[in-house]
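**Student:** Pasting a structure below so you can have a look.
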Amino acid sequence: MQKETLASQIWKYLENEDALLRVVFSGIKTNDNNNWIKVTLRPVMIKGEKLIQFSYYDKRKCIVKNYTDKEYNKQAKELLELPFKSALIESMKGNIKILTNKKGEISIHEDKKLNRQDINLDHNISKKYILPENTPSIFLEAVGIMTKDGRVKSHKQNKFKQLNGFLKIIDETFGKAQKNLNFNNELLAIDCGCGNAYLTFATYNYFNNINRKPLELIGIDINKDLLEGHKDEIKKLNWKKLSFEATKIIEYNPPRSPDLVLSLHACDTATDDALFKAINWDSKMVFASPCCHHNLQVQLDDKKELLNEYAPILRHGALSERLGDLLTDAFRVLILRIMGYQTDIIEFVASENTNRNLIIRAIKYLEPGDKKFVNEYKTLKKNWQVTPYLEKLLGEKFQKYLIIE
């Protein structure tokens, strides 16, 4: 399809700004004439005047410009000249989605159903975050996410959204869990593989300063030098019940059974280490966001000849890798369920913020060894001829449920 034809088809949605709801151009290739990787449009009302707001994103910042009716046509047409890979245009006329593949082939999907939604013209749309935007936070400033005046740093926007997504899940889950579980007057949480400790600080702040539930939190990681830097942040905040220990997850033992075990993007089997310890510690709640999943992937690669029926998937590296991710987390969820945890896996943040956006959520109040899930687990193992690393870690503690008939 010729560029002029593509531009003209898109323009019929853009030309009437009164009908415009939202536009997102993304995957834009940067070159000598363009630095933007994404541009969004939406109508706004400023001082009683309706304008179209353009937000231009590069790798470090976002520049916002508001245009009048007269200026809009020129800016919108210039936008169509950018080499974007995808676009989503939502208007009162309907929606249009444009996608470009690696070969440069363009596909256009139109949905001409009228969008009868009301347009929100608020200039500063503020999402209801647990950690609010544009509100100074001593702890967010201390960990380098926010400036002193309450502005989230441009290169920390994704991290800010990840923390809010994670905290939202914790908030919802803890509220429900209190109805079924008896928690200590002072909670204990262990953050396994805490790394930069953004989640560690955010969780401590949530319970002690927002929820007003006393919490002691211990962050553990093998990087001693990284943890040393967190001590200065603790001093600035004067948080007495937050500490860090340099240790391997698999070797650590807490002062008592924790109420909460966290793991954000622990790599490969480090997530299994965290889940193994949480189960052994009899933790009441577990929140783990997995990262890469190499262990099971290697097993699948070794079994390619035996898994002929799955050759259409396994012969393609990208598909095989995604399959390994899905299987690993499916096994993890089943193991937790068999061990007595009510378990699910959900997205805690949009995929544009991180492609590792899943969280395994587990609450311990069920009887272990449910035959339905034991049978599901055995069938999955038999079909794929693999042994999850978490099963190996648990040993006899888990094996006794697999021999139940």
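Please note that chains go A, B, ... in the order of the structure tokens, that every chain numbers its residues from 1, and that ligands are numbered from 1 in the order shown.
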Tell me, as a PDB file with N, CA, C and O atoms, in the first residue's frame, which residues lie within 12 Å of A:Ile210, counting only C-alpha atoms; anything in the same chain fewer than 3 positions away does not count.

**Tutor:**
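Contents of around.pdb, as written:
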ATOM      1  N   ILE A 130      -1.617   4.370  44.508  1.00  0.00           N
ATOM      2  CA  ILE A 130      -1.307   4.287  45.930  1.00  0.00           C
ATOM      3  C   ILE A 130      -0.171   5.268  46.244  1.00  0.00           C
ATOM      4  O   ILE A 130      -0.182   5.939  47.280  1.00  0.00           O
ATOM      5  N   LEU A 131       0.790   5.344  45.340  1.00  0.00           N
ATOM      6  CA  LEU A 131       1.827   6.381  45.411  1.00  0.00           C
ATOM      7  C   LEU A 131       1.416   7.466  44.422  1.00  0.00           C
ATOM      8  O   LEU A 131       1.599   7.305  43.214  1.00  0.00           O
ATOM      9  N   PRO A 132       0.836   8.561  44.870  1.00  0.00           N
ATOM     10  CA  PRO A 132       0.281   9.554  43.943  1.00  0.00           C
ATOM     11  C   PRO A 132       1.345  10.316  43.170  1.00  0.00           C
ATOM     12  O   PRO A 132       2.468  10.500  43.632  1.00  0.00           O
ATOM     13  N   LEU A 167       1.935  -2.646  44.303  1.00  0.00           N
ATOM     14  CA  LEU A 167       1.306  -2.272  45.576  1.00  0.00           C
ATOM     15  C   LEU A 167      -0.213  -2.416  45.527  1.00  0.00           C
ATOM     16  O   LEU A 167      -0.854  -2.759  46.535  1.00  0.00           O
ATOM     17  N   ASP A 171      -2.259  -4.493  48.178  1.00  0.00           N
ATOM     18  CA  ASP A 171      -3.342  -3.832  48.918  1.00  0.00           C
ATOM     19  C   ASP A 171      -4.639  -4.634  48.819  1.00  0.00           C
ATOM     20  O   ASP A 171      -5.294  -4.899  49.836  1.00  0.00           O
ATOM     21  N   ALA A 202       9.102   0.592  48.863  1.00  0.00           N
ATOM     22  CA  ALA A 202       7.690   0.899  48.596  1.00  0.00           C
ATOM     23  C   ALA A 202       6.761   0.082  49.481  1.00  0.00           C
ATOM     24  O   ALA A 202       5.747   0.590  49.979  1.00  0.00           O
ATOM     25  N   THR A 203       7.088  -1.200  49.685  1.00  0.00           N
ATOM     26  CA  THR A 203       6.240  -2.064  50.526  1.00  0.00           C
ATOM     27  C   THR A 203       6.308  -1.637  51.982  1.00  0.00           C
ATOM     28  O   THR A 203       5.287  -1.600  52.683  1.00  0.00           O
ATOM     29  N   TYR A 204       7.503  -1.306  52.446  1.00  0.00           N
ATOM     30  CA  TYR A 204       7.653  -0.825  53.828  1.00  0.00           C
ATOM     31  C   TYR A 204       6.827   0.442  54.029  1.00  0.00           C
ATOM     32  O   TYR A 204       6.113   0.595  55.025  1.00  0.00           O
ATOM     33  N   ASN A 205       6.930   1.356  53.075  1.00  0.00           N
ATOM     34  CA  ASN A 205       6.178   2.608  53.162  1.00  0.00           C
ATOM     35  C   ASN A 205       4.673   2.359  53.138  1.00  0.00           C
ATOM     36  O   ASN A 205       3.912   2.980  53.889  1.00  0.00           O
ATOM     37  N   TYR A 206       4.235   1.429  52.274  1.00  0.00           N
ATOM     38  CA  TYR A 206       2.798   1.143  52.159  1.00  0.00           C
ATOM     39  C   TYR A 206       2.219   0.666  53.488  1.00  0.00           C
ATOM     40  O   TYR A 206       1.210   1.200  53.970  1.00  0.00           O
ATOM     41  N   PHE A 207       2.842  -0.325  54.099  1.00  0.00           N
ATOM     42  CA  PHE A 207       2.273  -0.891  55.332  1.00  0.00           C
ATOM     43  C   PHE A 207       2.406   0.068  56.516  1.00  0.00           C
ATOM     44  O   PHE A 207       1.450   0.284  57.263  1.00  0.00           O
ATOM     45  N   LYS A 213      -0.249  -0.465  59.216  1.00  0.00           N
ATOM     46  CA  LYS A 213      -0.048  -1.786  59.806  1.00  0.00           C
ATOM     47  C   LYS A 213       1.453  -1.970  60.003  1.00  0.00           C
ATOM     48  O   LYS A 213       2.216  -2.004  59.039  1.00  0.00           O
ATOM     49  N   PRO A 214       1.913  -2.080  61.276  1.00  0.00           N
ATOM     50  CA  PRO A 214       3.353  -2.180  61.512  1.00  0.00           C
ATOM     51  C   PRO A 214       3.979  -3.363  60.767  1.00  0.00           C
ATOM     52  O   PRO A 214       3.441  -4.474  60.767  1.00  0.00           O
ATOM     53  N   LEU A 215       5.104  -3.092  60.119  1.00  0.00           N
ATOM     54  CA  LEU A 215       5.777  -4.106  59.314  1.00  0.00           C
ATOM     55  C   LEU A 215       7.276  -4.009  59.488  1.00  0.00           C
ATOM     56  O   LEU A 215       7.853  -2.926  59.385  1.00  0.00           O
TER      57      LEU A 215
END

**Student:** Applying 6 Å and only C-alpha atoms, which residues near stretch 241-255 of chain A remain after dropping the ones on its own chain fewer than 5 positions away? List them as a list in words.

**Tutor:**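 Neighbouring residues, sequence-local ones excluded: Glu216, Leu217, Ile218, Gly219, Ile220, Asp221, Ile222, Lys224 and Asp273 of chain A.
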
**Student:** Using only C-alpha atoms, which protein or nucleic acid residues come within 12 Å of A:Ser26? Drop anything in the same chain fewer than 5 positions from it, and give the result as an MDAnalysis selection string.

**Tutor:** chainID A and resid 36:41 55:58 79:80 82:89 97:100 352

**Student:** Store the residues picked out above in a file with C-alpha atoms, as a PDB file, in the first residue's frame.

**Tutor:**
ATOM      1  CA  TRP A  36      10.572  10.657  19.012  1.00  0.00           C
ATOM      2  CA  ILE A  37       9.809   7.008  19.789  1.00  0.00           C
ATOM      3  CA  LYS A  38       6.130   7.633  20.582  1.00  0.00           C
ATOM      4  CA  VAL A  39       3.605  10.431  20.090  1.00  0.00           C
ATOM      5  CA  THR A  40       0.125  10.606  21.624  1.00  0.00           C
ATOM      6  CA  LEU A  41      -2.795  12.978  20.967  1.00  0.00           C
ATOM      7  CA  SER A  55       2.815  14.374  23.868  1.00  0.00           C
ATOM      8  CA  TYR A  56       6.182  13.617  22.267  1.00  0.00           C
ATOM      9  CA  TYR A  57       8.290  10.895  23.924  1.00  0.00           C
ATOM     10  CA  ASP A  58      11.968  10.169  23.456  1.00  0.00           C
ATOM     11  CA  LEU A  79       3.013  13.504  12.291  1.00  0.00           C
ATOM     12  CA  LEU A  80       1.887  11.266   9.423  1.00  0.00           C
ATOM     13  CA  LEU A  82       7.048   9.995  10.732  1.00  0.00           C
ATOM     14  CA  PRO A  83       8.113   6.352  10.132  1.00  0.00           C
ATOM     15  CA  PHE A  84       5.894   4.797  12.801  1.00  0.00           C
ATOM     16  CA  LYS A  85       5.344   1.030  12.994  1.00  0.00           C
ATOM     17  CA  SER A  86       1.927   1.092  14.637  1.00  0.00           C
ATOM     18  CA  ALA A  87      -0.886   3.484  15.399  1.00  0.00           C
ATOM     19  CA  LEU A  88      -4.146   3.352  17.311  1.00  0.00           C
ATOM     20  CA  ILE A  89      -6.739   6.034  16.590  1.00  0.00           C
ATOM     21  CA  LYS A  97      -5.377   0.224  14.077  1.00  0.00           C
ATOM     22  CA  ILE A  98      -2.347   0.267  11.788  1.00  0.00           C
ATOM     23  CA  LEU A  99       0.457  -2.304  12.058  1.00  0.00           C
ATOM     24  CA  THR A 100       3.684  -2.642  10.050  1.00  0.00           C
ATOM     25  CA  GLU A 352       4.484  -1.219  27.616  1.00  0.00           C
TER      26      GLU A 352
END

**Student:** From a backbone DSSP assignment, name each residue in stretch 135-348 of chain A labelled helix (DSSP H, G or I), as JSON, numbers by chain.

**Tutor:** {"A": [138, 139, 140, 141, 142, 154, 155, 156, 157, 158, 159, 160, 161, 162, 163, 164, 165, 166, 167, 168, 169, 170, 171, 172, 173, 174, 175, 176, 177, 198, 199, 200, 201, 202, 203, 204, 205, 206, 207, 208, 209, 210, 224, 225, 226, 227, 228, 229, 230, 231, 232, 233, 234, 235, 236, 237, 249, 250, 251, 269, 270, 271, 272, 273, 274, 275, 276, 277, 278, 279, 280, 281, 294, 295, 296, 297, 298, 299, 300, 301, 302, 308, 309, 310, 311, 312, 313, 314, 317, 318, 319, 320, 321, 322, 323, 324, 325, 326, 327, 328, 329, 330, 331, 332, 333, 334, 335, 336, 337, 338]}

**Student:** What parts of stretch 303-353 of chain A does DSSP call strand (DSSP E or B)? I'd like the answer as a VMD selection string.

**Tutor:** chain A and resid 341 to 347

**Student:** What does the file look like for those residues with N, CA and C atoms, as an mmCIF file, in the first residue's frame?

**Tutor:**
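out-v8.cif, freshly written:
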data_model
loop_
_atom_site.group_PDB
_atom_site.id
_atom_site.type_symbol
_atom_site.label_atom_id
_atom_site.label_comp_id
_atom_site.auth_asym_id
_atom_site.auth_seq_id
_atom_site.Cartn_x
_atom_site.Cartn_y
_atom_site.Cartn_z
ATOM 1 N N TYR A 341 -1.788 -23.303 48.795
ATOM 2 C CA TYR A 341 -1.946 -21.876 48.526
ATOM 3 C C TYR A 341 -3.032 -21.637 47.469
ATOM 4 N N GLN A 342 -3.934 -20.714 47.767
ATOM 5 C CA GLN A 342 -4.848 -20.229 46.735
ATOM 6 C C GLN A 342 -4.018 -19.338 45.807
ATOM 7 N N THR A 343 -3.896 -19.746 44.566
ATOM 8 C CA THR A 343 -2.894 -19.130 43.701
ATOM 9 C C THR A 343 -3.480 -18.697 42.365
ATOM 10 N N ASP A 344 -3.044 -17.546 41.883
ATOM 11 C CA ASP A 344 -3.362 -17.135 40.525
ATOM 12 C C ASP A 344 -2.190 -16.348 39.970
ATOM 13 N N ILE A 345 -2.240 -16.075 38.681
ATOM 14 C CA ILE A 345 -1.175 -15.308 38.029
ATOM 15 C C ILE A 345 -1.837 -14.224 37.191
ATOM 16 N N ILE A 346 -1.445 -12.991 37.409
ATOM 17 C CA ILE A 346 -2.131 -11.847 36.807
ATOM 18 C C ILE A 346 -1.118 -10.806 36.331
ATOM 19 N N GLU A 347 -1.579 -9.898 35.483
ATOM 20 C CA GLU A 347 -0.756 -8.770 35.062
ATOM 21 C C GLU A 347 -0.863 -7.660 36.108
#

**Student:** Atom CA of A:Thr68 and atom CA of A:Glu133, how far apart in Å?

**Tutor:**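 Pair atom CA of A:Glu133 / atom CA of A:Thr68 returns 27.4 Å.
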